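Here's protein21.cif, which has mmCIF, C-alpha atoms:
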```cif
data_target
loop_
_atom_site.label_atom_id
_atom_site.label_comp_id
_atom_site.auth_asym_id
_atom_site.auth_seq_id
_atom_site.Cartn_x
_atom_site.Cartn_y
_atom_site.Cartn_z
CA MET A 1 -82.94 -130.21 74.93
CA ALA A 2 -81.21 -132.96 73.17
CA ASP A 3 -78.81 -130.44 71.63
CA ASN A 4 -78.18 -129.05 75.00
CA GLN A 5 -77.44 -132.39 76.41
CA GLN A 6 -75.12 -133.22 73.60
CA GLY A 7 -73.24 -129.95 73.19
CA GLY A 8 -73.56 -128.14 76.53
CA PHE A 9 -74.17 -129.04 80.13
CA GLY A 10 -75.48 -132.39 81.15
CA HIS A 11 -78.00 -132.97 83.87
CA ASP A 12 -75.33 -133.51 86.46
CA ASP A 13 -73.64 -130.32 85.43
CA GLU A 14 -76.79 -128.35 85.91
CA GLU A 15 -77.36 -129.83 89.29
CA TRP A 16 -73.84 -128.94 90.32
CA ILE A 17 -74.16 -125.36 89.06
CA LYS A 18 -77.42 -124.93 90.92
CA ALA A 19 -75.94 -126.22 94.10
CA GLN A 20 -72.94 -123.96 93.67
CA ARG A 21 -75.14 -120.92 93.16
CA ALA A 22 -77.21 -121.81 96.18
CA ARG A 23 -74.07 -122.05 98.28
CA GLU A 24 -72.85 -118.72 97.03
CA ALA A 25 -76.17 -117.06 97.76
CA LYS A 26 -76.13 -118.53 101.25
CA ARG A 27 -72.62 -117.32 101.82
CA ALA A 28 -73.47 -113.82 100.59
CA LYS A 29 -76.50 -113.79 102.84
CA SER A 30 -74.58 -114.82 105.90
CA ALA A 31 -71.87 -112.27 105.08
CA ALA A 32 -74.49 -109.56 104.77
CA ARG A 33 -76.02 -110.62 108.07
CA ARG A 34 -72.62 -110.47 109.68
CA GLU A 35 -72.08 -107.00 108.36
CA ASP A 36 -75.28 -105.28 109.23
CA GLY A 37 -77.01 -107.70 111.58
CA ASP A 38 -74.53 -107.95 114.50
CA GLY A 39 -72.72 -104.74 113.67
CA PRO A 40 -68.97 -104.93 113.08
CA GLY A 41 -67.78 -108.28 114.40
CA LEU A 42 -65.05 -108.32 117.07
CA ASN A 43 -61.79 -108.09 115.20
CA ILE A 44 -59.70 -110.69 116.90
CA ASN A 45 -56.54 -109.87 114.93
CA SER A 46 -55.68 -106.69 116.79
CA LEU A 47 -56.33 -108.42 120.11
CA MET A 48 -54.01 -111.20 119.03
CA ASP A 49 -51.35 -108.65 118.12
CA ILE A 50 -51.50 -107.15 121.60
CA LEU A 51 -51.39 -110.51 123.27
CA VAL A 52 -48.47 -111.74 121.19
CA ILE A 53 -46.48 -108.57 121.90
CA MET A 54 -47.18 -108.95 125.62
CA LEU A 55 -46.17 -112.58 125.49
CA VAL A 56 -42.85 -111.79 123.82
CA PHE A 57 -42.15 -108.96 126.26
CA LEU A 58 -42.92 -111.12 129.29
CA LEU A 59 -40.91 -114.06 127.98
CA LYS A 60 -37.97 -111.75 127.44
CA SER A 61 -38.07 -110.29 130.93
CA TYR A 62 -38.53 -113.81 132.28
CA GLY A 63 -35.35 -114.98 130.65
CA GLU A 64 -33.34 -111.90 131.56
CA GLU A 65 -33.68 -112.13 135.34
CA PRO A 66 -30.04 -112.78 136.27
CA LEU A 67 -30.52 -113.28 139.98
CA LYS A 68 -33.41 -114.48 142.03
CA ALA A 69 -33.73 -111.88 144.76
CA ILE A 70 -37.10 -112.81 146.21
CA ASP A 71 -38.29 -116.26 147.07
CA GLU A 72 -40.28 -118.07 149.70
CA ASP A 73 -37.59 -117.65 152.35
CA LEU A 74 -35.41 -114.98 150.79
CA LYS A 75 -35.62 -111.25 150.44
CA VAL A 76 -32.50 -109.25 149.82
CA PRO A 77 -32.19 -105.79 151.39
CA GLN A 78 -32.77 -102.54 149.56
CA SER A 79 -29.92 -100.29 148.59
CA ALA A 80 -29.23 -97.17 146.59
CA SER A 81 -26.45 -98.96 144.69
CA GLN A 82 -26.80 -98.69 140.92
CA LEU A 83 -24.22 -101.26 139.80
CA ALA A 84 -25.53 -103.93 137.47
CA PRO A 85 -25.06 -107.56 138.47
CA GLU A 86 -22.61 -109.66 136.48
CA ASP A 87 -22.30 -113.31 135.82
CA ALA A 88 -20.33 -114.94 138.62
CA THR A 89 -20.50 -117.81 141.06
CA THR A 90 -23.50 -117.17 143.29
CA VAL A 91 -23.85 -117.99 146.95
CA THR A 92 -27.44 -117.71 148.16
CA VAL A 93 -28.06 -117.41 151.88
CA THR A 94 -31.77 -117.88 152.59
CA ARG A 95 -33.42 -118.19 155.99
CA THR A 96 -33.29 -121.99 155.73
CA ALA A 97 -30.33 -122.93 153.55
CA ILE A 98 -27.13 -121.90 151.84
CA LEU A 99 -26.86 -122.67 148.13
CA VAL A 100 -23.97 -122.44 145.69
CA ASN A 101 -25.17 -121.89 142.10
CA ASP A 102 -28.57 -123.31 143.07
CA ASN A 103 -27.05 -126.45 144.61
CA LEU A 104 -27.88 -126.97 148.25
CA ALA A 105 -24.72 -126.79 150.34
CA VAL A 106 -25.92 -126.74 153.93
CA ASP A 107 -29.06 -126.10 155.96
CA VAL A 108 -29.53 -123.04 158.13
CA LYS A 109 -31.55 -123.09 161.33
CA ASP A 110 -32.38 -119.95 163.35
CA GLY A 111 -29.78 -117.93 161.48
CA ALA A 112 -26.91 -120.31 162.10
CA VAL A 113 -25.31 -123.40 160.64
CA ASP A 114 -25.17 -126.51 162.78
CA PRO A 115 -21.82 -126.43 164.68
CA SER A 116 -21.05 -130.00 163.59
CA GLN A 117 -20.85 -128.75 159.98
CA LYS A 118 -18.13 -126.29 160.83
CA SER A 119 -14.45 -127.07 160.99
CA GLY A 120 -12.25 -125.82 163.78
CA GLY A 121 -13.90 -125.17 167.07
CA GLY A 122 -17.58 -126.07 166.69
CA GLU A 123 -19.67 -123.09 167.78
CA SER A 124 -16.92 -120.53 167.23
CA GLY A 125 -15.67 -122.12 163.99
CA MET A 126 -15.67 -119.88 160.97
CA SER A 127 -15.35 -122.30 158.05
CA ILE A 128 -18.47 -124.18 156.94
CA THR A 129 -17.17 -127.49 155.54
CA PRO A 130 -20.02 -128.49 153.14
CA LEU A 131 -20.11 -124.94 151.79
CA LEU A 132 -16.36 -124.98 151.19
CA ASP A 133 -16.68 -128.26 149.26
CA GLU A 134 -19.45 -126.88 147.05
CA LEU A 135 -17.55 -123.64 146.51
CA ASN A 136 -14.37 -125.47 145.52
CA LYS A 137 -16.39 -127.45 142.99
CA ALA A 138 -18.02 -124.29 141.62
CA VAL A 139 -14.69 -122.46 141.43
CA GLU A 140 -13.09 -125.35 139.59
CA GLN A 141 -15.97 -125.43 137.14
CA LYS A 142 -15.78 -121.69 136.60
CA LYS A 143 -12.03 -121.88 136.01
CA ASN A 144 -12.54 -124.58 133.38
CA GLU A 145 -15.22 -122.53 131.67
CA GLN A 146 -13.02 -119.45 131.58
CA ARG A 147 -10.11 -121.51 130.25
CA LEU A 148 -12.25 -122.79 127.40
CA LEU A 149 -13.44 -119.27 126.63
CA GLN A 150 -9.83 -118.07 126.92
CA GLU A 151 -10.77 -115.45 129.47
CA ASP A 152 -8.99 -114.57 132.67
CA TYR A 153 -10.42 -116.09 135.79
CA VAL A 154 -11.58 -113.51 138.33
CA PRO A 155 -12.04 -114.77 141.90
CA GLU A 156 -15.41 -113.15 142.42
CA ALA A 157 -18.74 -114.26 143.81
CA THR A 158 -22.19 -112.78 144.07
CA ILE A 159 -23.72 -113.14 147.52
CA ILE A 160 -27.50 -113.16 147.58
CA ALA A 161 -28.38 -112.97 151.25
CA ASP A 162 -31.66 -112.53 153.06
CA GLN A 163 -31.98 -109.19 154.82
CA THR A 164 -32.36 -110.78 158.25
CA THR A 165 -29.22 -112.91 157.96
CA PRO A 166 -27.19 -112.38 161.15
CA HIS A 167 -23.83 -110.72 160.68
CA ARG A 168 -22.10 -113.74 162.18
CA LEU A 169 -23.44 -116.05 159.46
CA MET A 170 -22.46 -113.56 156.76
CA LEU A 171 -18.93 -113.52 158.13
CA GLU A 172 -18.78 -117.30 158.14
CA VAL A 173 -19.96 -117.44 154.53
CA LEU A 174 -17.46 -114.78 153.45
CA PHE A 175 -14.66 -116.44 155.39
CA THR A 176 -15.44 -119.82 153.81
CA ALA A 177 -15.57 -118.22 150.37
CA SER A 178 -12.21 -116.59 150.96
CA GLN A 179 -10.81 -120.05 151.73
CA ALA A 180 -12.03 -121.12 148.29
CA GLN A 181 -9.80 -118.33 146.93
CA LEU A 182 -12.68 -115.92 146.34
CA ASN A 183 -12.03 -112.40 147.54
CA GLN A 184 -14.19 -110.07 145.49
CA PHE A 185 -17.79 -110.09 146.51
CA ARG A 186 -20.92 -108.47 145.25
CA PHE A 187 -23.90 -108.28 147.52
CA ALA A 188 -27.15 -108.51 145.61
CA VAL A 189 -29.64 -105.84 146.65
CA ILE A 190 -32.95 -104.50 145.41
CA LYS A 191 -32.35 -101.28 143.56
CA SER A 192 -33.94 -98.41 145.39
CA THR A 193 -33.44 -94.69 145.91
CA PHE A 194 -31.47 -93.14 148.74
CA SER A 195 -34.48 -91.15 149.89
CA SER A 196 -36.67 -94.24 150.14
CA LEU A 197 -34.21 -95.75 152.64
CA GLY A 198 -34.97 -92.98 155.11
CA GLY A 199 -38.66 -93.74 155.03
CA GLN A 200 -39.39 -90.91 152.60
CA PRO A 201 -41.50 -91.85 149.62
CA ALA A 202 -39.42 -92.56 146.52
CA GLU A 203 -39.51 -89.83 143.92
CA MET B 1 -63.54 -136.88 87.83
CA ALA B 2 -62.83 -133.26 86.99
CA ARG B 3 -66.15 -132.29 88.52
CA ARG B 4 -65.38 -134.06 91.74
CA LYS B 5 -62.20 -132.11 92.04
CA ARG B 6 -64.00 -128.87 91.44
CA GLU B 7 -66.42 -129.71 94.19
CA GLU B 8 -63.61 -130.11 96.70
CA VAL B 9 -62.28 -126.60 96.07
CA LYS B 10 -62.75 -124.61 99.25
CA LEU B 11 -62.73 -120.88 99.60
CA PRO B 12 -59.95 -119.50 101.79
CA GLN B 13 -61.02 -119.59 105.41
CA ASP B 14 -59.66 -117.75 108.46
CA ILE B 15 -57.22 -119.70 110.60
CA ASP B 16 -58.90 -121.01 113.69
CA LEU B 17 -57.38 -118.77 116.36
CA ALA B 18 -59.22 -120.23 119.31
CA PRO B 19 -56.58 -122.78 120.44
CA MET B 20 -53.84 -120.21 120.01
CA MET B 21 -55.84 -117.68 122.03
CA ASN B 22 -56.37 -120.22 124.78
CA LEU B 23 -52.66 -120.83 124.98
CA VAL B 24 -51.72 -117.16 124.97
CA ILE B 25 -54.34 -116.24 127.54
CA ILE B 26 -53.09 -118.92 129.90
CA LEU B 27 -49.41 -118.03 129.33
CA ILE B 28 -49.78 -114.31 129.97
CA PRO B 29 -51.16 -114.46 133.54
CA MET B 30 -48.62 -117.15 134.36
CA LEU B 31 -45.72 -114.99 133.20
CA LEU B 32 -47.18 -111.87 134.79
CA LEU B 33 -47.28 -113.65 138.13
CA SER B 34 -43.71 -114.84 137.88
CA VAL B 35 -42.30 -111.49 136.77
CA VAL B 36 -40.72 -109.55 139.59
CA PHE B 37 -40.91 -105.87 138.87
CA MET B 38 -37.83 -105.13 140.90
CA GLU B 39 -34.42 -104.45 139.63
CA VAL B 40 -31.48 -106.12 141.25
CA SER B 41 -28.19 -104.30 141.64
CA VAL B 42 -25.01 -105.15 143.53
CA ILE B 43 -22.62 -103.64 146.09
CA ASN B 44 -18.95 -104.41 145.62
CA VAL B 45 -17.14 -105.57 148.73
CA THR B 46 -13.67 -106.93 149.23
CA MET B 47 -12.52 -109.37 151.81
CA PRO B 48 -8.81 -110.10 151.87
CA LEU B 49 -7.84 -113.75 151.31
CA GLY B 50 -7.79 -115.63 154.55
CA GLY B 51 -10.33 -113.32 156.08
CA ALA B 52 -7.86 -111.03 157.79
CA THR B 53 -9.18 -107.84 159.29
CA THR B 54 -7.11 -105.38 157.34
CA SER B 55 -7.97 -104.02 153.95
CA ASP B 56 -5.71 -104.50 150.94
CA ARG B 57 -4.97 -100.80 150.85
CA THR B 58 -1.38 -99.80 150.17
CA GLU B 59 0.39 -97.82 152.84
CA PRO B 60 0.52 -94.08 152.20
CA GLU B 61 3.94 -92.89 151.12
CA ASP B 62 4.14 -89.78 153.25
CA ASP B 63 4.50 -89.71 157.01
CA LYS B 64 0.85 -89.16 157.63
CA GLN B 65 -0.54 -91.68 160.03
CA PRO B 66 -2.69 -94.31 158.25
CA LEU B 67 -6.35 -93.76 158.85
CA ASN B 68 -7.55 -97.37 159.19
CA LEU B 69 -11.11 -96.20 159.47
CA ALA B 70 -13.43 -98.76 161.01
CA ILE B 71 -17.11 -98.65 161.81
CA SER B 72 -18.39 -101.11 164.33
CA MET B 73 -22.14 -101.63 164.43
CA THR B 74 -23.67 -102.58 167.73
CA ALA B 75 -27.17 -102.67 169.11
CA GLN B 76 -26.38 -99.41 170.96
CA GLY B 77 -25.07 -97.47 167.96
CA PHE B 78 -21.96 -97.03 165.84
CA TYR B 79 -18.40 -97.01 167.14
CA ILE B 80 -16.00 -95.21 164.85
CA THR B 81 -12.30 -95.91 165.06
CA ALA B 82 -9.91 -93.74 163.08
CA ALA B 83 -6.12 -93.63 163.20
CA GLY B 84 -6.09 -96.08 166.08
CA THR B 85 -8.28 -94.06 168.41
CA LYS B 86 -11.88 -94.56 169.23
CA MET B 87 -13.97 -91.52 168.51
CA GLN B 88 -15.58 -89.86 171.52
CA PRO B 89 -19.35 -90.06 171.86
CA MET B 90 -21.15 -87.24 170.12
CA PRO B 91 -22.85 -84.58 172.25
CA GLY B 92 -25.98 -85.93 173.87
CA CYS B 93 -24.74 -89.51 173.98
CA PRO B 94 -23.70 -91.28 177.19
CA THR B 95 -19.99 -91.11 177.90
CA GLY B 96 -18.18 -94.40 177.38
CA GLY B 97 -20.87 -95.43 174.93
CA PRO B 98 -20.75 -95.62 171.16
CA SER B 99 -19.46 -92.69 169.09
CA ILE B 100 -22.89 -92.29 167.58
CA CYS B 101 -25.69 -93.52 169.79
CA LEU B 102 -29.19 -94.40 168.68
CA GLU B 103 -31.37 -91.64 167.39
CA ASP B 104 -34.51 -93.09 168.87
CA ASP B 105 -33.89 -94.43 172.37
CA SER B 106 -37.38 -95.85 172.63
CA ILE B 107 -36.53 -98.54 170.09
CA ASP B 108 -34.40 -101.48 171.09
CA PRO B 109 -32.91 -102.62 167.76
CA ALA B 110 -31.68 -105.99 169.04
CA ALA B 111 -35.16 -106.87 170.30
CA ARG B 112 -36.75 -105.68 167.05
CA PHE B 113 -34.39 -107.75 164.94
CA GLU B 114 -35.06 -110.80 167.07
CA GLU B 115 -38.81 -110.20 166.83
CA SER B 116 -38.52 -109.77 163.07
CA ARG B 117 -36.76 -113.11 162.68
CA ARG B 118 -39.40 -114.79 164.80
CA LEU B 119 -42.17 -113.29 162.65
CA TYR B 120 -40.43 -114.39 159.47
CA ALA B 121 -40.03 -117.88 160.86
CA SER B 122 -43.74 -118.02 161.65
CA GLY B 123 -44.53 -117.00 158.09
CA ASP B 124 -45.66 -113.40 158.70
CA LYS B 125 -43.37 -111.76 156.17
CA ILE B 126 -45.14 -108.42 155.97
CA ARG B 127 -45.06 -107.78 159.71
CA GLY B 128 -41.54 -109.23 159.86
CA GLU B 129 -40.27 -106.68 157.39
CA GLU B 130 -42.06 -103.83 159.18
CA VAL B 131 -40.42 -104.73 162.48
CA LEU B 132 -37.03 -105.09 160.80
CA LEU B 133 -37.34 -101.60 159.27
CA GLU B 134 -38.42 -100.19 162.64
CA GLY B 135 -35.24 -101.59 164.14
CA LEU B 136 -33.15 -100.11 161.34
CA SER B 137 -34.78 -96.70 161.77
CA ALA B 138 -33.44 -96.40 165.33
CA TYR B 139 -29.91 -95.70 164.11
CA ASN B 140 -28.56 -92.22 163.50
CA TYR B 141 -27.26 -92.46 159.92
CA ARG B 142 -27.25 -88.68 159.48
CA GLU B 143 -24.71 -88.16 162.27
CA LEU B 144 -22.63 -91.08 160.92
CA TYR B 145 -22.46 -89.32 157.58
CA ASN B 146 -21.59 -85.98 159.22
CA ARG B 147 -18.72 -87.55 161.15
CA LEU B 148 -17.36 -89.45 158.16
CA SER B 149 -17.60 -86.35 156.03
CA THR B 150 -15.39 -84.48 158.51
CA ILE B 151 -12.87 -87.33 158.46
CA LYS B 152 -12.92 -87.39 154.67
CA ASN B 153 -12.02 -83.70 154.55
CA GLU B 154 -8.92 -84.47 156.62
CA PHE B 155 -8.00 -87.60 154.65
CA PRO B 156 -9.21 -86.93 151.11
CA GLU B 157 -7.28 -89.86 149.62
CA GLU B 158 -8.80 -92.52 151.86
CA THR B 159 -11.57 -94.65 150.39
CA THR B 160 -11.52 -97.83 152.47
CA VAL B 161 -13.57 -98.50 155.54
CA THR B 162 -13.68 -101.69 157.54
CA LEU B 163 -17.09 -102.74 158.75
CA THR B 164 -17.62 -104.93 161.76
CA ALA B 165 -20.81 -105.73 163.58
CA ASP B 166 -22.26 -107.61 166.50
CA ALA B 167 -23.05 -111.22 165.66
CA GLU B 168 -26.82 -110.90 165.72
CA LEU B 169 -27.28 -107.70 163.71
CA PRO B 170 -29.00 -108.28 160.37
CA PHE B 171 -27.46 -108.01 156.93
CA ALA B 172 -29.88 -105.19 156.09
CA LEU B 173 -28.11 -102.91 158.61
CA THR B 174 -24.76 -103.59 156.95
CA THR B 175 -26.05 -102.68 153.50
CA ARG B 176 -27.76 -99.57 154.91
CA VAL B 177 -24.51 -98.39 156.48
CA MET B 178 -22.66 -99.12 153.24
CA ASP B 179 -25.15 -96.93 151.40
CA VAL B 180 -24.56 -94.08 153.82
CA VAL B 181 -20.76 -94.25 153.72
CA ARG B 182 -20.31 -94.80 149.99
CA PHE B 183 -21.05 -91.41 148.43
CA ARG B 184 -20.64 -87.78 149.40
CA LEU B 185 -23.85 -85.83 149.41
CA GLU B 186 -24.36 -82.23 148.40
CA GLU B 187 -23.57 -80.92 151.89
CA ASP B 188 -20.86 -81.97 154.33
CA SER B 189 -23.21 -81.91 157.26
CA TYR B 190 -26.95 -82.17 157.77
CA ASP B 191 -29.04 -80.90 160.67
CA ASN B 192 -32.19 -82.85 160.11
CA ASN B 193 -33.12 -86.22 158.70
CA GLU B 194 -35.48 -84.96 156.03
CA ASP B 195 -32.78 -82.95 154.29
CA PHE B 196 -30.31 -85.77 154.75
CA TRP B 197 -32.39 -88.47 153.09
CA ALA B 198 -33.61 -86.14 150.36
CA ALA B 199 -30.04 -85.14 149.47
CA LYS B 200 -28.60 -85.99 146.10
CA PRO B 201 -25.09 -87.41 145.71
CA ARG B 202 -22.38 -84.89 144.94
CA THR B 203 -20.98 -85.21 141.45
CA GLU B 204 -17.49 -84.63 140.13
CA GLY B 205 -17.74 -84.38 136.39
CA ASP B 206 -19.53 -87.51 135.24
CA THR B 207 -19.00 -89.56 138.36
CA TYR B 208 -20.23 -89.44 141.90
CA SER B 209 -17.91 -88.13 144.54
CA ILE B 210 -16.78 -91.00 146.74
CA LEU B 211 -16.81 -90.80 150.53
CA PHE B 212 -15.52 -94.19 151.61
CA GLY B 213 -16.35 -96.29 148.60
CA ASP B 214 -14.41 -99.50 149.34
CA PRO B 215 -16.06 -101.26 152.23
CA ALA B 216 -14.22 -104.30 153.57
CA PHE B 217 -15.57 -106.83 155.99
CA GLY B 218 -13.73 -107.33 159.22
CA VAL B 219 -14.03 -109.82 162.04
CA LEU B 220 -14.93 -108.32 165.37
#
```
This structure in structure tokens:
Amino acid sequence: MADNQQGGFGHDDEEWIKAQRAREAKRAKSAARREDGDGPGLNINSLMDILVIMLVFLLKSYGEEPLKAIDEDLKVPQSASQLAPEDATTVTVTRTAILVNDNLAVDVKDGAVDPSQKSGGGESGMSITPLLDELNKAVEQKKNEQRLLQEDYVPEATIIADQTTPHRLMLEVLFTASQAQLNQFRFAVIKSTFSSLGGQPAE
Amino acid sequence: MARRKREEVKLPQDIDLAPMMNLVIILIPMLLLSVVFMEVSVINVTMPLGGATTSDRTEPEDDKQPLNLAISMTAQGFYITAAGTKMQPMPGCPTGGPSICLEDDSIDPAARFEESRRLYASGDKIRGEEVLLEGLSAYNYRELYNRLSTIKNEFPEETTVTLTADAELPFALTTRVMDVVRFRLEEDSYDNNEDFWAAKPRTEGDTYSILFGDPAFGVL
């Protein structure tokens, strides 16, 4: 005993070893219980893998959306056109407002702009003054960007218009845009098939 | 001291995934809701600077009279103007009326479009869209295609068409007409709507054969 104490483990050591063994036994017991008691435990890793992949996929598609085609007061028409949208100045014509690159230009009421906002002839005027101001700003900004990137400036705009927009308002918007030196337009549409336009189910 | 240290040694433990799971599970429904499973495409349109009515097409070199094809959309149907003359109404349409009258006389497109706007304004988007599509379905797109196809055979080089419309007609009608006039289909002429809408575009090599592929906006 005395030898033991002198040469080997002390009392504290023994206590510690005992405690350690007890812990190990407990751990082994609980592991065994996990294995055969509750059957194979739910493996959360594979679930996590799925969720993380979904998250990445959704985040990617979230960031890719170049144009907002559906909103509270906006739904663009369907078309069989297959051309991909490109980055350009956008003019959004919703049922309640006209926006240039997401900046509010002018309000729309009952499919028309207030005649006082139009230059030249009130009701029959074609040019919408606040829209022209916003467009000039946007065009100037775009020109500067292109100059910095050393690319040629193309006078183009993407028009995102609600499907119920009256033709008259569309003309006013296009006319105003042409006064801001824009003459190539792209109408944003929801990609669809030709057959679905005629009321036939899409293939 | 050494013993104390030994006591602190911990066996490797799994990372606590619960907070991460919470985050991911909240993020996924949020993103799913915001994702729009619709692809957006575009239609190219030109409008000459200053908003003039003519297209930027160069004059043909030969003596052939320029076509200056124009389609005017009204609540009664389509008026087609080619080479300066208004096209006569098709058989079965009232004389003095549009070149292509409505296919379904029982539908009054102007009233439907007005009704649709009213429904949209009152917040009933689903019904609003239904009424809008009903209004659009009154037009005879098949006959429009047949007529344009005949014109194209006479003027194979022409690709521009000027579109005008009554003030109140919706943008959806304009895009629908653009879809019909843009590409040639397999046949030059169709007798019934089912075949017409089921038709595939005609191809020339790798590209689609163009009917009148450069729509320009004009002022009525």
- I need the residue set behind the PyMOL selection byres ((chain B) within 8 of (chain A)) for this file; please write it as a ChimeraX atom specification. /B:21,24-25,27-28,31-32,34-35,38-51,113,116-117,132,137,165-172,175-176,179,193-194,197-199,217,219
Would you output that residue set with C-alpha atoms, as a PDB file, in the frame of the given file?
```pdb
ATOM      1  CA  MET B  21     -55.840-117.680 122.030  1.00  0.00           C
ATOM      2  CA  VAL B  24     -51.720-117.160 124.970  1.00  0.00           C
ATOM      3  CA  ILE B  25     -54.340-116.240 127.540  1.00  0.00           C
ATOM      4  CA  LEU B  27     -49.410-118.030 129.330  1.00  0.00           C
ATOM      5  CA  ILE B  28     -49.780-114.310 129.970  1.00  0.00           C
ATOM      6  CA  LEU B  31     -45.720-114.990 133.200  1.00  0.00           C
ATOM      7  CA  LEU B  32     -47.180-111.870 134.790  1.00  0.00           C
ATOM      8  CA  SER B  34     -43.710-114.840 137.880  1.00  0.00           C
ATOM      9  CA  VAL B  35     -42.300-111.490 136.770  1.00  0.00           C
ATOM     10  CA  MET B  38     -37.830-105.130 140.900  1.00  0.00           C
ATOM     11  CA  GLU B  39     -34.420-104.450 139.630  1.00  0.00           C
ATOM     12  CA  VAL B  40     -31.480-106.120 141.250  1.00  0.00           C
ATOM     13  CA  SER B  41     -28.190-104.300 141.640  1.00  0.00           C
ATOM     14  CA  VAL B  42     -25.010-105.150 143.530  1.00  0.00           C
ATOM     15  CA  ILE B  43     -22.620-103.640 146.090  1.00  0.00           C
ATOM     16  CA  ASN B  44     -18.950-104.410 145.620  1.00  0.00           C
ATOM     17  CA  VAL B  45     -17.140-105.570 148.730  1.00  0.00           C
ATOM     18  CA  THR B  46     -13.670-106.930 149.230  1.00  0.00           C
ATOM     19  CA  MET B  47     -12.520-109.370 151.810  1.00  0.00           C
ATOM     20  CA  PRO B  48      -8.810-110.100 151.870  1.00  0.00           C
ATOM     21  CA  LEU B  49      -7.840-113.750 151.310  1.00  0.00           C
ATOM     22  CA  GLY B  50      -7.790-115.630 154.550  1.00  0.00           C
ATOM     23  CA  GLY B  51     -10.330-113.320 156.080  1.00  0.00           C
ATOM     24  CA  PHE B 113     -34.390-107.750 164.940  1.00  0.00           C
ATOM     25  CA  SER B 116     -38.520-109.770 163.070  1.00  0.00           C
ATOM     26  CA  ARG B 117     -36.760-113.110 162.680  1.00  0.00           C
ATOM     27  CA  LEU B 132     -37.030-105.090 160.800  1.00  0.00           C
ATOM     28  CA  SER B 137     -34.780 -96.700 161.770  1.00  0.00           C
ATOM     29  CA  ALA B 165     -20.810-105.730 163.580  1.00  0.00           C
ATOM     30  CA  ASP B 166     -22.260-107.610 166.500  1.00  0.00           C
ATOM     31  CA  ALA B 167     -23.050-111.220 165.660  1.00  0.00           C
ATOM     32  CA  GLU B 168     -26.820-110.900 165.720  1.00  0.00           C
ATOM     33  CA  LEU B 169     -27.280-107.700 163.710  1.00  0.00           C
ATOM     34  CA  PRO B 170     -29.000-108.280 160.370  1.00  0.00           C
ATOM     35  CA  PHE B 171     -27.460-108.010 156.930  1.00  0.00           C
ATOM     36  CA  ALA B 172     -29.880-105.190 156.090  1.00  0.00           C
ATOM     37  CA  THR B 175     -26.050-102.680 153.500  1.00  0.00           C
ATOM     38  CA  ARG B 176     -27.760 -99.570 154.910  1.00  0.00           C
ATOM     39  CA  ASP B 179     -25.150 -96.930 151.400  1.00  0.00           C
ATOM     40  CA  ASN B 193     -33.120 -86.220 158.700  1.00  0.00           C
ATOM     41  CA  GLU B 194     -35.480 -84.960 156.030  1.00  0.00           C
ATOM     42  CA  TRP B 197     -32.390 -88.470 153.090  1.00  0.00           C
ATOM     43  CA  ALA B 198     -33.610 -86.140 150.360  1.00  0.00           C
ATOM     44  CA  ALA B 199     -30.040 -85.140 149.470  1.00  0.00           C
ATOM     45  CA  PHE B 217     -15.570-106.830 155.990  1.00  0.00           C
ATOM     46  CA  VAL B 219     -14.030-109.820 162.040  1.00  0.00           C
TER      47      VAL B 219
END
```
- Query: What is the distance, in Å and to one decimal place, between atom CA of Leu69 of chain B and atom CA of Met90 of chain B?
  - Reply: 17.2 Å
- Enter the distance from atom CA of Tyr79 of chain B to atom CA of Gly213 of chain B, in Å, rounded to one decimal. 18.7 Å
- Determine, counting only C-alpha atoms, every residue of protein, DNA or RNA that lies within 8 Å of (-25.4, -124.3, 144.6) in the file coordinates, then give the result as JSON, numbers by chain. {"A": [90, 91, 92, 98, 99, 100, 101, 102, 103, 104, 105, 134, 138]}
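One finds atom CA of Ser99 of chain B at 20.0 Å from atom CA of Pro66 of chain B.
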Counting all atoms listed in the file, what is within 10 Å of Gly97 of chain B, bar same-chain residues fewer than 5 positions away, as a compact mmCIF listing (two decimals) with C-alpha atoms, in the coordinates of the input?
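Full text of result10.txt as output:
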```txt
# COMPACT_ATOMS: atom_id res chain seq x y z
CA GLN B 76 -26.38 -99.41 170.96
CA GLY B 77 -25.07 -97.47 167.96
CA PHE B 78 -21.96 -97.03 165.84
CA TYR B 79 -18.40 -97.01 167.14
CA GLN B 88 -15.58 -89.86 171.52
CA PRO B 89 -19.35 -90.06 171.86
CA MET B 90 -21.15 -87.24 170.12
```
Show me the residues close to (-35.3, -99.7, 165.6) - anything with an atom within 10 Å, counting all atoms listed in the file - and format the list as a short mmCIF file (atom, residue, chain, number, x, y, z; two decimals) with C-alpha atoms, in the coordinates of the input.
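And here's point_37.cif as it stands now:
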```cif
data_model
loop_
_atom_site.label_atom_id
_atom_site.label_comp_id
_atom_site.auth_asym_id
_atom_site.auth_seq_id
_atom_site.Cartn_x
_atom_site.Cartn_y
_atom_site.Cartn_z
CA ALA B 75 -27.17 -102.67 169.11
CA LEU B 102 -29.19 -94.40 168.68
CA GLU B 103 -31.37 -91.64 167.39
CA ASP B 104 -34.51 -93.09 168.87
CA ASP B 105 -33.89 -94.43 172.37
CA SER B 106 -37.38 -95.85 172.63
CA ILE B 107 -36.53 -98.54 170.09
CA ASP B 108 -34.40 -101.48 171.09
CA PRO B 109 -32.91 -102.62 167.76
CA ALA B 110 -31.68 -105.99 169.04
CA ALA B 111 -35.16 -106.87 170.30
CA ARG B 112 -36.75 -105.68 167.05
CA PHE B 113 -34.39 -107.75 164.94
CA VAL B 131 -40.42 -104.73 162.48
CA LEU B 132 -37.03 -105.09 160.80
CA LEU B 133 -37.34 -101.60 159.27
CA GLU B 134 -38.42 -100.19 162.64
CA GLY B 135 -35.24 -101.59 164.14
CA LEU B 136 -33.15 -100.11 161.34
CA SER B 137 -34.78 -96.70 161.77
CA ALA B 138 -33.44 -96.40 165.33
CA TYR B 139 -29.91 -95.70 164.11
#
```
